[in-house]
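See below for the structure under consideration.
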Amino acid sequence: MSRLDFRHNVLEEMAQDTRSVGINSDIWEIGEPRAHLRKILQTICSRPDPHRVLESLRDALRSHAPWDRELQWLELTVLALGRPMPLPTDNFVQVIDILRALSTPPRPAQLLRYLPSGSHLTLLTGEETLPEIMVRLADRRGNQDNGELLDFLQAFSTHTDAPQHRELATLRALLDGLNLLRPAPGPSLYSPAHGNGADSRLIIQVRVEAEDAEHIDDGRYQLQAAYYRQPVPGGPIQLIGALGRTESFRKSELIGVGSARLAGWSELARAVRGAAPHTVRIEFLLPRSLLGHPAELWSAGASHRPLGHHHPVVVRSLERYTDAWLDVEPWRERWSHLQAQGPEADALDRIGWPQLDNAEATSLAPWLAEQPGLACIGLETPYDGLHPDARAAVDDAMFTDGVPVLLWQRGPGEASELLKVLREHSPSRLAELPTTVLKCRRNGRAGGSTDVRNNITLLWDDPDCVDPEQDSPYMGMAR
């Protein structure tokens with residue numbers, strides 16, 4: 001608002017709005033910015049319905065300066081004046097003034113830890129500012145209970161780890177004086193401390209999507225990620241935090257650029273550090289063209305150690321994950337058979353190894369129909385090395401017949417070689433495959449790039465670990 005021509009544009013748009021017709025007549029030519037802004041606000045306050053005129057100003061600024069951070073505070077002010085808040089309007093405006101005046105605005109990712117347990121805000125990316133989070137907590141359409149906003153303000157103003165703790169003394173005093181504080185809220189759903197017990201898993205999903213056609217050798221890809229909690233016995237996942245899309249990069253840069261992106265995500269690092277032992281699983285959601293990618297070689301820490309030497313790393317079919325039109329019942333049915341299997345002397349005998357040469361590809365569907373309890377298929381030829389007809393048959397086994405688990409060796413070799421290194425760790429159930437593959441990778445560190453233990457791909461598609469909101473255009477909105 002420092003430029004006169006910009007203020008003219010805003011006033012012209014407001015003058016065409018029925019909520020603020022003719023507002024520019026008395027305040028058009030004032031060159032000094034502060035005096036001009038003061039006059040604009042005085043004129044708004046003098047109108048019969050100042051709130052509607054303020055809405056008009058907000059909408060004009062949305063058109064002309066949607067990137068301006070001050071617009072976020074105006075959005076919050078307009079909301080506070082127009083609908084019930086958890087504290088009186090005058091006091092809420094005081095809260096806004098206190099928070100706007102902070103010498104060091106809180107980092108967006110830091111704010112997530114102050115959200116109350118059970119918050120209805122979902123799909124926050126960790127990039128939302130303080131006023132954006134407050135707007136979303138306050139603007140709960142169809143729900144007049146703004147208690148979550150008050151809980152958030154209480155947590156933010158009282159947590160001693162907030163860098164702004166001393167400056168927030170004024171806010172604490174204001175809230176204390178109003179006697180509106182509720183019992184201290186529980187730990188934030190987004191806090192690394194939430195659900196860190198051995199009764200829940202930390203599921204990290206790294207999603208890689210192609211920008212270019214599949215046939216391009218070094219095509220471009222985009223990355224996004226999210227992490228979730230899931231009960232150890234299984235069941236639906238609950239979103240904790242998300243990392244927005246990156247700029248695109250080449251296939252040849254996947255490990256380097258992707259690892260650097262994960263390494264910079266401090267909130268995820270805190271969640272991993274706080275997770276109970278053996279409760280982290282990393283899932284790479286990959287398109288067909290990348291299912292053979294050695295995702296376990298990515299790193300995310302200062303030591304640059306491969307993730308696959310420290311946590312179970314699996315790949316997943318991005319197409320199955322995102323296709324809402326697939327019938328999920330066959331998928332869930334076969335997954336339930338996998339989870340229901342009891343301990344056995346040799347659980348690996350439950351892996352099916354179909355013949356997939358060109359002539360036999362069409363026989364895969366009838367073969368699966370005869371084995372409704374089969375949950376894992378082993379491939380003697382790597383997925384990306386299959387003849388197109390055989391690869392299409394394997395895709396159909398996943399998408400139509402619901403096979404949730406695939407296993408193969410990326411390099412040349414016999415199925416017996418792969419089974420031999422898996423049997424060294426004596427899995428008693430197929431549900432232990434992610435941990436068994438982790439043990440193989442650890443033991444294969446000194447074996448060289450051709451060692452079978454360093455070339456295992458495990459496709460592990462848990463139907464409960466699907467977040468349909470990943471494709472939502474309204475990231476961060478309240479459900």
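As shown in the structure tokens, the chain order sets the letters A, B, ...; within each chain, residues go from 1, and ligands are also counted from 1 in the order they appear.
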Residues near A:Thr435, anyone? I mean within 9 Å using only C-alpha atoms, not counting same-chain ones fewer than 2 positions away, as a list in words.
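Counting only the stated atoms, we get His278, His311, Pro312, Val313, Pro427, Ala431, Glu432, Leu433, Val437, Leu438, Lys439 and Cys440 of chain A.
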Which parts of stretch 257-375 of chain A does DSSP call alpha helix (DSSP H) when run on the backbone here, written out as a ChimeraX atom specification?
/A:257-263,266-274,318-322,329-340,364-369
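With distances restricted to only C-alpha atoms, A:Arg229 is the closest residue to A:Asp467 from A:Arg445, A:Arg229, A:Arg429, A:Arg410.
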Given only C-alpha atoms, how would the per-residue table for stretch 294-378 of chain A near stretch 195-214 of chain A read, listing every residue at most 12 Å away with its closest atom pair and distance in Å to one decimal, sorted by chain and number, as a tab-separated table?
residue	atom	partner	partner_atom	distance
A:Ala295	CA	A:Val206	CA	9.8
A:Glu296	CA	A:Val206	CA	11.7
A:Trp298	CA	A:Val206	CA	10.8
A:Ala300	CA	A:Val206	CA	11.9
A:Leu307	CA	A:Ile204	CA	11.6
A:His311	CA	A:Ile204	CA	10.7
A:Pro312	CA	A:Ile203	CA	10.3
A:Val313	CA	A:Ile204	CA	9.5
A:Val314	CA	A:Gln205	CA	9.8
A:Val315	CA	A:Val206	CA	9.4
A:Arg316	CA	A:Arg207	CA	9.3
A:Ser317	CA	A:Arg207	CA	10.1
A:Leu318	CA	A:Arg207	CA	7.7
A:Glu319	CA	A:Glu209	CA	10.0
A:Tyr321	CA	A:Arg207	CA	10.3
A:Thr322	CA	A:Arg207	CA	10.9
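Around A:Trp335, within 8 Å and counting only C-alpha atoms, the residues found are A:Trp331, A:Arg332, A:Leu338, A:Gln339, A:Ala375, A:Val403, A:Pro404, A:Asp462, A:Pro463, once anything fewer than 3 positions away on its own chain is removed.
The residues of stretch 331-445 of chain A that DSSP assigns to strand (DSSP E or B) on this backbone come out as Gly352, Cys376, Ile377, Gly378, Leu379, Val405, Leu406, Leu407, Trp408 and Gln409 of chain A.
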Keeping only all heavy atoms, write those residues as a PDB file, in the first residue's frame.
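Below is the file out21.pdb, written as the result:
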ATOM      1  N   GLY A 352       3.758 -66.948  -4.236  1.00  0.00           N
ATOM      2  CA  GLY A 352       3.478 -67.598  -5.511  1.00  0.00           C
ATOM      3  C   GLY A 352       4.427 -67.107  -6.589  1.00  0.00           C
ATOM      4  O   GLY A 352       4.694 -65.903  -6.682  1.00  0.00           O
ATOM      5  N   CYS A 376       0.993 -62.664  -2.028  1.00  0.00           N
ATOM      6  CA  CYS A 376       2.321 -62.225  -2.467  1.00  0.00           C
ATOM      7  C   CYS A 376       2.745 -62.990  -3.711  1.00  0.00           C
ATOM      8  O   CYS A 376       2.708 -64.237  -3.732  1.00  0.00           O
ATOM      9  CB  CYS A 376       3.342 -62.424  -1.347  1.00  0.00           C
ATOM     10  SG  CYS A 376       5.036 -61.951  -1.796  1.00  0.00           S
ATOM     11  N   ILE A 377       3.152 -62.255  -4.722  1.00  0.00           N
ATOM     12  CA  ILE A 377       3.674 -62.838  -5.958  1.00  0.00           C
ATOM     13  C   ILE A 377       5.162 -62.528  -6.051  1.00  0.00           C
ATOM     14  O   ILE A 377       5.586 -61.382  -5.861  1.00  0.00           O
ATOM     15  CB  ILE A 377       2.947 -62.283  -7.197  1.00  0.00           C
ATOM     16  CG1 ILE A 377       1.532 -62.847  -7.295  1.00  0.00           C
ATOM     17  CG2 ILE A 377       3.720 -62.575  -8.475  1.00  0.00           C
ATOM     18  CD1 ILE A 377       0.753 -62.320  -8.487  1.00  0.00           C
ATOM     19  N   GLY A 378       5.951 -63.536  -6.356  1.00  0.00           N
ATOM     20  CA  GLY A 378       7.365 -63.346  -6.640  1.00  0.00           C
ATOM     21  C   GLY A 378       7.592 -63.305  -8.140  1.00  0.00           C
ATOM     22  O   GLY A 378       6.991 -64.093  -8.886  1.00  0.00           O
ATOM     23  N   LEU A 379       8.424 -62.405  -8.600  1.00  0.00           N
ATOM     24  CA  LEU A 379       8.724 -62.274 -10.028  1.00  0.00           C
ATOM     25  C   LEU A 379      10.144 -62.779 -10.291  1.00  0.00           C
ATOM     26  O   LEU A 379      11.101 -62.300  -9.679  1.00  0.00           O
ATOM     27  CB  LEU A 379       8.611 -60.811 -10.476  1.00  0.00           C
ATOM     28  CG  LEU A 379       7.267 -60.105 -10.241  1.00  0.00           C
ATOM     29  CD1 LEU A 379       7.338 -58.662 -10.731  1.00  0.00           C
ATOM     30  CD2 LEU A 379       6.135 -60.849 -10.928  1.00  0.00           C
ATOM     31  N   VAL A 405       1.143 -57.588  -2.561  1.00  0.00           N
ATOM     32  CA  VAL A 405       2.589 -57.658  -2.342  1.00  0.00           C
ATOM     33  C   VAL A 405       3.265 -58.314  -3.546  1.00  0.00           C
ATOM     34  O   VAL A 405       2.828 -59.376  -4.013  1.00  0.00           O
ATOM     35  CB  VAL A 405       2.920 -58.456  -1.059  1.00  0.00           C
ATOM     36  CG1 VAL A 405       4.435 -58.506  -0.830  1.00  0.00           C
ATOM     37  CG2 VAL A 405       2.222 -57.848   0.148  1.00  0.00           C
ATOM     38  N   LEU A 406       4.321 -57.658  -4.027  1.00  0.00           N
ATOM     39  CA  LEU A 406       5.182 -58.215  -5.070  1.00  0.00           C
ATOM     40  C   LEU A 406       6.620 -58.190  -4.566  1.00  0.00           C
ATOM     41  O   LEU A 406       7.013 -57.287  -3.811  1.00  0.00           O
ATOM     42  CB  LEU A 406       5.096 -57.411  -6.367  1.00  0.00           C
ATOM     43  CG  LEU A 406       3.747 -57.288  -7.079  1.00  0.00           C
ATOM     44  CD1 LEU A 406       3.906 -56.432  -8.332  1.00  0.00           C
ATOM     45  CD2 LEU A 406       3.209 -58.657  -7.447  1.00  0.00           C
ATOM     46  N   LEU A 407       7.409 -59.159  -5.028  1.00  0.00           N
ATOM     47  CA  LEU A 407       8.796 -59.276  -4.586  1.00  0.00           C
ATOM     48  C   LEU A 407       9.644 -59.687  -5.774  1.00  0.00           C
ATOM     49  O   LEU A 407       9.277 -60.601  -6.520  1.00  0.00           O
ATOM     50  CB  LEU A 407       8.878 -60.335  -3.476  1.00  0.00           C
ATOM     51  CG  LEU A 407      10.253 -60.642  -2.879  1.00  0.00           C
ATOM     52  CD1 LEU A 407      10.712 -59.492  -1.975  1.00  0.00           C
ATOM     53  CD2 LEU A 407      10.201 -61.951  -2.081  1.00  0.00           C
ATOM     54  N   TRP A 408      10.761 -59.005  -5.980  1.00  0.00           N
ATOM     55  CA  TRP A 408      11.660 -59.428  -7.048  1.00  0.00           C
ATOM     56  C   TRP A 408      13.087 -58.951  -6.788  1.00  0.00           C
ATOM     57  O   TRP A 408      13.316 -58.053  -5.978  1.00  0.00           O
ATOM     58  CB  TRP A 408      11.171 -58.973  -8.415  1.00  0.00           C
ATOM     59  CG  TRP A 408      11.206 -57.493  -8.697  1.00  0.00           C
ATOM     60  CD1 TRP A 408      12.250 -56.769  -9.220  1.00  0.00           C
ATOM     61  CD2 TRP A 408      10.132 -56.557  -8.515  1.00  0.00           C
ATOM     62  NE1 TRP A 408      11.897 -55.461  -9.365  1.00  0.00           N
ATOM     63  CE2 TRP A 408      10.596 -55.289  -8.950  1.00  0.00           C
ATOM     64  CE3 TRP A 408       8.830 -56.671  -8.030  1.00  0.00           C
ATOM     65  CZ2 TRP A 408       9.812 -54.137  -8.900  1.00  0.00           C
ATOM     66  CZ3 TRP A 408       8.044 -55.524  -7.981  1.00  0.00           C
ATOM     67  CH2 TRP A 408       8.522 -54.287  -8.406  1.00  0.00           C
ATOM     68  N   GLN A 409      14.001 -59.589  -7.500  1.00  0.00           N
ATOM     69  CA  GLN A 409      15.406 -59.196  -7.484  1.00  0.00           C
ATOM     70  C   GLN A 409      15.656 -58.312  -8.695  1.00  0.00           C
ATOM     71  O   GLN A 409      15.308 -58.681  -9.819  1.00  0.00           O
ATOM     72  CB  GLN A 409      16.298 -60.450  -7.529  1.00  0.00           C
ATOM     73  CG  GLN A 409      17.774 -60.140  -7.524  1.00  0.00           C
ATOM     74  CD  GLN A 409      18.648 -61.379  -7.660  1.00  0.00           C
ATOM     75  OE1 GLN A 409      19.858 -61.288  -7.810  1.00  0.00           O
ATOM     76  NE2 GLN A 409      18.022 -62.565  -7.618  1.00  0.00           N
TER      77      GLN A 409
END
